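Enquirer: This one is start.cif, mmCIF, C-alpha atoms.
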data_input
#
loop_
_atom_site.label_atom_id
_atom_site.label_comp_id
_atom_site.auth_asym_id
_atom_site.auth_seq_id
_atom_site.Cartn_x
_atom_site.Cartn_y
_atom_site.Cartn_z
CA LEU A 1 -18.49 89.67 -58.24
CA PRO A 2 -18.61 93.26 -56.93
CA SER A 3 -21.07 94.38 -54.32
CA TRP A 4 -23.92 96.70 -55.20
CA THR A 5 -23.02 99.52 -52.85
CA SER A 6 -24.05 102.10 -55.44
CA THR A 7 -27.68 102.27 -54.39
CA PRO A 8 -30.32 104.55 -55.93
CA SER A 9 -30.41 106.63 -52.74
CA LEU A 10 -26.67 107.30 -53.06
CA GLN A 11 -26.90 108.03 -56.77
CA HIS A 12 -29.67 110.53 -56.05
CA LEU A 13 -27.15 112.58 -54.05
CA ASN A 14 -25.16 113.13 -57.25
CA THR A 15 -27.63 115.78 -58.37
CA LYS A 16 -27.16 117.71 -55.14
CA PHE A 17 -23.38 117.36 -55.34
CA SER A 18 -23.30 118.48 -58.99
CA GLU A 19 -25.08 121.68 -58.02
CA ARG A 20 -22.72 122.30 -55.09
CA ILE A 21 -19.48 121.65 -56.97
CA VAL A 22 -20.19 124.41 -59.49
CA SER A 23 -20.33 127.01 -56.72
CA SER A 24 -17.45 125.59 -54.65
CA SER A 25 -14.47 127.81 -53.88
CA THR A 26 -10.76 127.05 -54.26
CA ASN A 27 -10.64 126.43 -50.49
CA LEU A 28 -11.11 122.74 -51.12
CA ARG A 29 -12.06 120.15 -48.51
CA PHE A 30 -10.09 116.94 -48.99
CA VAL A 31 -11.73 114.07 -47.09
CA TYR A 32 -10.31 110.75 -45.94
CA CYS A 33 -12.68 108.20 -44.45
CA GLY A 34 -11.55 104.94 -42.88
CA TRP A 35 -9.54 103.12 -40.25
CA LEU A 36 -6.61 105.12 -38.86
CA VAL A 37 -3.63 102.84 -39.40
CA LYS A 38 -0.25 103.46 -41.04
CA GLU A 39 -1.08 101.20 -44.01
CA LYS A 40 -3.77 103.66 -45.11
CA GLY A 41 -1.03 106.13 -46.10
CA LEU A 42 -2.13 108.79 -43.64
CA PHE A 43 1.31 110.14 -42.75
CA GLU A 44 2.05 110.60 -46.45
CA LEU A 45 -1.35 112.21 -46.92
CA ILE A 46 -0.75 114.74 -44.16
CA SER A 47 2.79 115.46 -45.40
CA ALA A 48 1.57 116.10 -48.94
CA PHE A 49 -1.26 118.29 -47.67
CA ALA A 50 1.18 120.33 -45.56
CA LYS A 51 3.27 120.89 -48.69
CA TYR A 52 0.11 121.97 -50.53
CA ILE A 53 -0.77 124.50 -47.82
CA HIS A 54 2.78 125.81 -47.43
CA SER A 55 2.95 126.29 -51.22
CA GLY A 56 0.22 128.92 -50.99
CA PHE A 57 -2.92 126.88 -51.68
CA ASN A 58 -6.02 127.07 -49.51
CA GLY A 59 -7.69 123.93 -48.27
CA GLN A 60 -8.91 121.76 -45.45
CA LEU A 61 -8.05 118.13 -44.76
CA ILE A 62 -10.86 116.25 -43.04
CA ILE A 63 -10.10 112.87 -41.48
CA ILE A 64 -13.08 110.71 -40.54
CA GLY A 65 -12.51 107.57 -38.50
CA SER A 66 -10.73 106.17 -35.50
CA GLY A 67 -7.77 103.89 -34.95
CA PRO A 68 -4.54 103.20 -33.07
CA ILE A 69 -2.46 106.00 -34.62
CA LEU A 70 -4.87 108.87 -33.95
CA SER A 71 -2.68 110.53 -31.32
CA GLU A 72 0.41 110.14 -33.53
CA LEU A 73 -1.39 111.78 -36.43
CA LYS A 74 -2.48 114.73 -34.30
CA GLN A 75 1.09 115.19 -33.07
CA PHE A 76 2.36 115.00 -36.65
CA VAL A 77 -0.08 117.72 -37.71
CA LEU A 78 1.13 119.90 -34.84
CA GLU A 79 4.78 119.42 -35.86
CA LEU A 80 3.96 120.45 -39.45
CA SER A 81 2.21 123.64 -38.23
CA ILE A 82 -1.07 122.98 -40.06
CA THR A 83 -3.41 122.45 -37.12
CA TRP A 84 -5.81 125.11 -38.45
CA SER A 85 -6.22 123.17 -41.72
CA VAL A 86 -6.56 119.57 -40.53
CA HIS A 87 -9.66 118.38 -38.70
CA PHE A 88 -10.25 115.00 -37.06
CA LEU A 89 -13.97 114.24 -36.88
CA GLY A 90 -13.66 110.87 -35.15
CA GLN A 91 -15.86 107.89 -35.88
CA LEU A 92 -19.15 108.71 -37.60
CA ASN A 93 -21.94 106.25 -38.29
CA HIS A 94 -22.72 105.34 -41.89
CA SER A 95 -25.51 107.86 -42.50
CA GLU A 96 -23.50 110.67 -40.87
CA THR A 97 -20.52 109.84 -43.08
CA ILE A 98 -22.60 109.82 -46.26
CA ASN A 99 -24.24 113.13 -45.34
CA TYR A 100 -20.88 114.70 -44.59
CA LEU A 101 -19.40 113.53 -47.88
CA SER A 102 -22.40 114.77 -49.84
CA ASP A 103 -22.63 118.15 -48.09
CA ASN A 104 -18.98 119.02 -47.52
CA ALA A 105 -16.40 116.96 -49.44
CA ASP A 106 -14.80 118.43 -52.57
CA VAL A 107 -12.25 115.64 -53.04
CA PHE A 108 -12.11 112.12 -51.61
CA VAL A 109 -8.61 110.77 -50.85
CA LEU A 110 -7.67 107.13 -50.17
CA PRO A 111 -3.87 106.64 -50.36
CA SER A 112 -3.80 103.07 -49.00
CA TYR A 113 -0.86 100.73 -49.46
CA ASN A 114 -3.29 97.82 -49.98
CA GLU A 115 -7.02 97.56 -50.59
CA GLY A 116 -9.67 95.21 -51.89
CA ILE A 117 -12.44 97.24 -53.44
CA PRO A 118 -13.25 99.83 -50.75
CA ASN A 119 -16.89 100.63 -50.09
CA SER A 120 -15.91 104.19 -49.16
CA LEU A 121 -14.64 104.77 -52.71
CA ILE A 122 -17.79 103.28 -54.24
CA GLU A 123 -19.94 105.49 -52.04
CA ALA A 124 -17.90 108.59 -52.92
CA GLY A 125 -18.13 107.65 -56.60
CA SER A 126 -21.90 107.16 -56.33
CA ILE A 127 -22.16 110.77 -55.18
CA GLY A 128 -19.73 111.89 -57.88
CA ILE A 129 -16.94 113.14 -55.62
CA PRO A 130 -13.60 113.47 -57.45
CA SER A 131 -11.23 110.93 -55.94
CA ILE A 132 -7.49 110.41 -55.47
CA VAL A 133 -6.53 106.77 -54.91
CA THR A 134 -3.67 104.30 -55.26
CA ARG A 135 -3.62 101.41 -57.71
CA ALA A 136 -4.25 99.01 -54.85
CA GLY A 137 -6.18 95.77 -54.95
CA CYS A 138 -9.09 95.65 -57.38
CA ILE A 139 -9.53 99.41 -57.79
CA PRO A 140 -7.93 99.57 -61.29
CA ASP A 141 -10.25 96.76 -62.45
CA TYR A 142 -13.27 99.02 -62.02
CA TYR A 143 -11.99 102.60 -62.30
CA SER A 144 -10.17 103.89 -65.37
CA SER A 145 -7.25 106.30 -65.08
CA GLY A 146 -9.54 109.02 -66.40
CA SER A 147 -12.25 108.64 -63.76
CA VAL A 148 -9.92 108.90 -60.75
CA ILE A 149 -6.45 110.33 -60.13
CA TYR A 150 -4.02 107.52 -59.39
CA VAL A 151 -0.99 108.00 -57.15
CA LYS A 152 1.76 105.62 -56.11
CA PRO A 153 1.52 104.17 -52.59
CA ARG A 154 3.80 105.95 -50.08
CA SER A 155 4.47 108.80 -52.56
CA ILE A 156 4.22 112.25 -51.00
CA SER A 157 5.20 113.90 -54.28
CA ASP A 158 2.44 112.07 -56.17
CA LEU A 159 -0.14 113.13 -53.62
CA PHE A 160 1.05 116.75 -53.71
CA SER A 161 0.86 116.76 -57.52
CA SER A 162 -2.63 115.24 -57.41
CA PHE A 163 -3.81 118.00 -55.04
CA GLN A 164 -2.58 120.58 -57.53
CA GLN A 165 -4.14 118.70 -60.42
CA VAL A 166 -7.58 118.51 -58.84
CA THR A 167 -7.70 122.16 -57.73
CA PRO A 168 -9.15 123.68 -60.97
CA LEU A 169 -12.94 123.48 -61.16
CA GLN A 170 -13.00 122.13 -64.71
CA THR A 171 -10.85 119.17 -63.69
CA ARG A 172 -13.14 118.37 -60.78
CA LEU A 173 -16.24 118.63 -62.96
CA LYS A 174 -14.77 116.14 -65.43
CA LEU A 175 -13.65 113.73 -62.70
CA SER A 176 -17.05 113.96 -61.02
CA ARG A 177 -18.84 112.99 -64.21
CA LEU A 178 -16.50 110.09 -65.02
CA ILE A 179 -16.28 108.53 -61.56
CA PHE A 180 -20.07 108.60 -61.27
CA ALA A 181 -20.39 106.84 -64.63
CA ASP A 182 -17.82 104.15 -63.72
CA THR A 183 -19.41 103.55 -60.33
CA VAL A 184 -22.94 103.16 -61.64
CA SER A 185 -21.71 100.95 -64.48
CA ASN A 186 -19.85 98.57 -62.16
CA PHE A 187 -21.60 98.71 -58.81
CA SER A 188 -25.29 99.45 -59.24
CA THR A 189 -27.78 96.73 -58.31
CA HIS A 190 -28.77 96.30 -61.96
CA SER A 191 -25.20 95.87 -63.21
CA VAL A 192 -24.26 93.38 -60.49
CA VAL A 193 -27.41 91.26 -60.99
CA THR A 194 -26.75 91.25 -64.73
CA SER A 195 -23.16 90.12 -64.13
CA LEU A 196 -24.39 87.35 -61.82
CA VAL A 197 -26.93 86.10 -64.37
CA ASN A 198 -24.28 86.13 -67.10
CA PHE A 199 -21.83 84.29 -64.85
CA ILE A 200 -24.35 81.57 -64.07
CA ALA A 201 -25.25 81.25 -67.76
CA ASP A 202 -21.59 80.89 -68.69
CA GLN A 203 -20.91 78.33 -65.98
CA TRP A 204 -24.08 76.25 -66.10
CA ALA A 205 -22.37 73.24 -67.73
CA PHE A 206 -19.72 73.15 -64.99
CA PHE A 207 -22.25 73.38 -62.17
CA PHE A 208 -24.49 70.75 -63.81
CA SER A 209 -21.57 68.32 -64.12
CA LEU A 210 -20.57 69.00 -60.51
CA PHE A 211 -24.13 68.35 -59.37
CA CYS A 212 -24.22 65.02 -61.24
CA LEU A 213 -20.92 63.91 -59.73
CA LEU A 214 -22.08 64.82 -56.23
CA ALA A 215 -25.37 63.00 -56.80
CA LEU A 216 -23.55 59.84 -57.90
CA PHE A 217 -21.16 60.07 -54.94
CA PHE A 218 -23.89 60.39 -52.34
CA ARG A 219 -25.99 57.69 -54.02
CA SER A 220 -23.13 55.18 -53.93
CA HIS A 221 -22.22 56.22 -50.38
CA PHE A 222 -25.81 55.74 -49.28
CA ILE A 223 -25.98 52.26 -50.83
CA SER A 224 -22.67 51.21 -49.22
CA ILE A 225 -23.96 52.18 -45.80
CA PHE A 226 -27.23 50.25 -46.04
CA THR A 227 -26.03 47.17 -47.95
CA PRO A 228 -24.87 45.31 -44.75
CA PHE A 229 -28.38 45.61 -43.35
CA HIS A 230 -30.09 44.42 -46.51
CA GLY A 231 -29.82 40.68 -45.71
CA SER A 232 -30.79 41.01 -42.08
CA ILE A 233 -33.92 42.88 -43.02
CA PHE A 234 -35.12 39.92 -45.06
CA LEU A 235 -34.17 37.45 -42.32
CA LEU A 236 -36.60 39.21 -40.04
#
Starting from the file, lay out its structure as structure tokens.
Expert:
Amino acid sequence: LPSWTSTPSLQHLNTKFSERIVSSSTNLRFVYCGWLVKEKGLFELISAFAKYIHSGFNGQLIIIGSGPILSELKQFVLELSITWSVHFLGQLNHSETINYLSDNADVFVLPSYNEGIPNSLIEAGSIGIPSIVTRAGCIPDYYSSGSVIYVKPRSISDLFSSFQQVTPLQTRLKLSRLIFADTVSNFSTHSVVTSLVNFIADQWAFFFSLFCLLALFFRSHFISIFTPFHGSIFLL
């Protein structure tokens, strides 16, 4: 069962974001948030963003988080001559991250090789931030191909194309509306509690049978332990 990370307080930020996205410029802020390791696809992300910038587009890449490859990533940015467009914010606490996403992010990017169902994506979706992700882990089970832009893991060309695709305002408005709807549908407290109740209702016969078997097992085990003492009790 999914978590209920899409809280009412997060969903409330969607209104604020919807107002901001309408007035946003084409100097988009692409935001990654997470652990800085190779498996998150960060070298491919930076390579694709460099191609985006060198192709004449305006934008900023914001990387939130810490990890063992931070110095390598900074060196890579320097080698690609895009130091003015890539910003490393370091590790932020949860509330600082949410505030930054709500106030500054235009596009959320998570190009991981592998994932479960990332809370960062659910939180971005709760705000309504258009998102670029890979078909990793459980993500496709909860987000349709219309509500997010899917890219292949390790694909620089896919990421570059997705940056171009998400640049027009109308595309971002549509993605914002759809990812918010998918997130609330799958990850709100109400939806998860409903799923849990339905799951229990569907499985009640199994759990009841299991309970009966366990009860019989422990009853017989209890009797076998105390039977040797039964005679001696009466002898006393």
Enquirer: On this structure, the PyMOL selection byres ((chain A and resi 73) around 12) would catch which residues? List them as an mmCIF file with C-alpha atoms, in the frame of the given file, sorted by chain and number.
Expert:
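File produced: expr_6.cif:
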data_model
loop_
_atom_site.group_PDB
_atom_site.id
_atom_site.type_symbol
_atom_site.label_atom_id
_atom_site.label_comp_id
_atom_site.auth_asym_id
_atom_site.auth_seq_id
_atom_site.Cartn_x
_atom_site.Cartn_y
_atom_site.Cartn_z
ATOM 1 C CA LEU A 36 -6.610 105.120 -38.860
ATOM 2 C CA VAL A 37 -3.630 102.840 -39.400
ATOM 3 C CA LYS A 38 -0.250 103.460 -41.040
ATOM 4 C CA GLY A 41 -1.030 106.130 -46.100
ATOM 5 C CA LEU A 42 -2.130 108.790 -43.640
ATOM 6 C CA PHE A 43 1.310 110.140 -42.750
ATOM 7 C CA GLU A 44 2.050 110.600 -46.450
ATOM 8 C CA LEU A 45 -1.350 112.210 -46.920
ATOM 9 C CA ILE A 46 -0.750 114.740 -44.160
ATOM 10 C CA SER A 47 2.790 115.460 -45.400
ATOM 11 C CA ILE A 63 -10.100 112.870 -41.480
ATOM 12 C CA SER A 66 -10.730 106.170 -35.500
ATOM 13 C CA GLY A 67 -7.770 103.890 -34.950
ATOM 14 C CA PRO A 68 -4.540 103.200 -33.070
ATOM 15 C CA ILE A 69 -2.460 106.000 -34.620
ATOM 16 C CA LEU A 70 -4.870 108.870 -33.950
ATOM 17 C CA SER A 71 -2.680 110.530 -31.320
ATOM 18 C CA GLU A 72 0.410 110.140 -33.530
ATOM 19 C CA LYS A 74 -2.480 114.730 -34.300
ATOM 20 C CA GLN A 75 1.090 115.190 -33.070
ATOM 21 C CA PHE A 76 2.360 115.000 -36.650
ATOM 22 C CA VAL A 77 -0.080 117.720 -37.710
ATOM 23 C CA LEU A 78 1.130 119.900 -34.840
ATOM 24 C CA GLU A 79 4.780 119.420 -35.860
ATOM 25 C CA LEU A 80 3.960 120.450 -39.450
ATOM 26 C CA ILE A 82 -1.070 122.980 -40.060
ATOM 27 C CA THR A 83 -3.410 122.450 -37.120
ATOM 28 C CA VAL A 86 -6.560 119.570 -40.530
ATOM 29 C CA HIS A 87 -9.660 118.380 -38.700
ATOM 30 C CA PHE A 88 -10.250 115.000 -37.060
#
Enquirer: Taking all atoms listed in the file into account, name the residue in A:Leu89, A:Val107, A:Leu169, A:Leu10 that is nearest to A:Thr183.
Expert: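 Between A:Leu89, A:Val107, A:Leu169, A:Leu10, the residue approaching A:Thr183 most closely is A:Leu10.
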Enquirer: From the options A:Ser176, A:Thr15, A:Asn186, A:Ser161, which residue's atoms come nearest to A:Asp103, counting all atoms listed in the file?
Expert: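 Among the listed residues, the smallest separation from A:Asp103 belongs to A:Thr15.
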Enquirer: Would you mind telling me which residue in A:Ile179, A:Leu159, A:Leu13, A:Ile129 lies nearest to A:Ala48 when using only C-alpha atoms?
Expert: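 The shortest atom-to-atom distance to A:Ala48 comes from A:Leu159.
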Enquirer: Please indicate the distance in Å from atom CA of A:Ser126 to atom CA of A:Gln60, rounded to one decimal place.
Expert: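 Atom-to-atom, atom CA of A:Ser126 to atom CA of A:Gln60, that is 22.4 Å.
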Enquirer: Show me as number ranges by chain the residues that reach within 8 Å of (-2.1, 123.3, -45.7), counting all atoms listed in the file and using the file's own coordinates.
Expert: A: 49-54, 57-61, 82, 85-86
Enquirer: What do you get, as a PyMOL selection string, if you spell out every residue that the PyMOL selection byres ((chain A and resi 101) around 10) selects here?
Expert: chain A and resi 13+17+29-33+95-100+102-108+123-124+127+129
Enquirer: Quick one: apply the PyMOL selection byres ((chain A and resi 112) around 12) to the file and drop the selected residues here as a ChimeraX atom specification.
Expert: /A:32-45,109-111,113-118,121,132-137,139,150-155,159
Enquirer: If we count all atoms listed in the file, what is near A:Arg177 at a cut-off of 9 Å, once residues fewer than 3 positions away on the same chain are taken out, given as a short mmCIF file (atom, residue, chain, number, x, y, z; two decimals) with C-alpha atoms, in the frame of the given file?
Expert:
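The new file selection-v1.cif reads:
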data_model
loop_
_atom_site.label_atom_id
_atom_site.label_comp_id
_atom_site.auth_asym_id
_atom_site.auth_seq_id
_atom_site.Cartn_x
_atom_site.Cartn_y
_atom_site.Cartn_z
CA SER A 18 -23.30 118.48 -58.99
CA GLY A 128 -19.73 111.89 -57.88
CA ILE A 129 -16.94 113.14 -55.62
CA PRO A 130 -13.60 113.47 -57.45
CA SER A 147 -12.25 108.64 -63.76
CA ARG A 172 -13.14 118.37 -60.78
CA LEU A 173 -16.24 118.63 -62.96
CA LYS A 174 -14.77 116.14 -65.43
CA PHE A 180 -20.07 108.60 -61.27
CA ALA A 181 -20.39 106.84 -64.63
CA ASP A 182 -17.82 104.15 -63.72
#
Enquirer: Would you mind reading off the distance between atom CA of A:Pro8 and atom CA of A:Ile64, one decimal, in Å?
Expert: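 Distance reported for this atom pair: 23.9 Å.
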Enquirer: One number please: atom CA of A:Thr7 to atom CA of A:Ser162, in Å, one decimal.
Expert: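 Separating atom CA of A:Thr7 from atom CA of A:Ser162 is a distance of 28.4 Å.
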Enquirer: Quick one: 3 Å padding each side, axis-aligned, all listed atoms of stretch 150-160 of chain A - centre and edge lengths in Å to one decimal, as lines of an AutoDock Vina configuration file?
Expert:
center_x = 0.6
center_y = 110.5
center_z = -54.7
size_x = 15.2
size_y = 18.6
size_z = 15.3
Enquirer: From the list A:Ser55, A:Ser120, A:Phe211, A:Leu175, which residue is nearest A:Ile21 when using only C-alpha atoms?
Expert: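 For A:Ile21, the nearest of the candidates is A:Leu175.
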Enquirer: With only C-alpha atoms as the atoms that count, which of A:Gly65, A:Gly125, A:Pro140, A:Gly146 lies nearest to A:Ser188?
Expert: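 Checking each candidate against A:Ser188, we get A:Gly125 as the closest.
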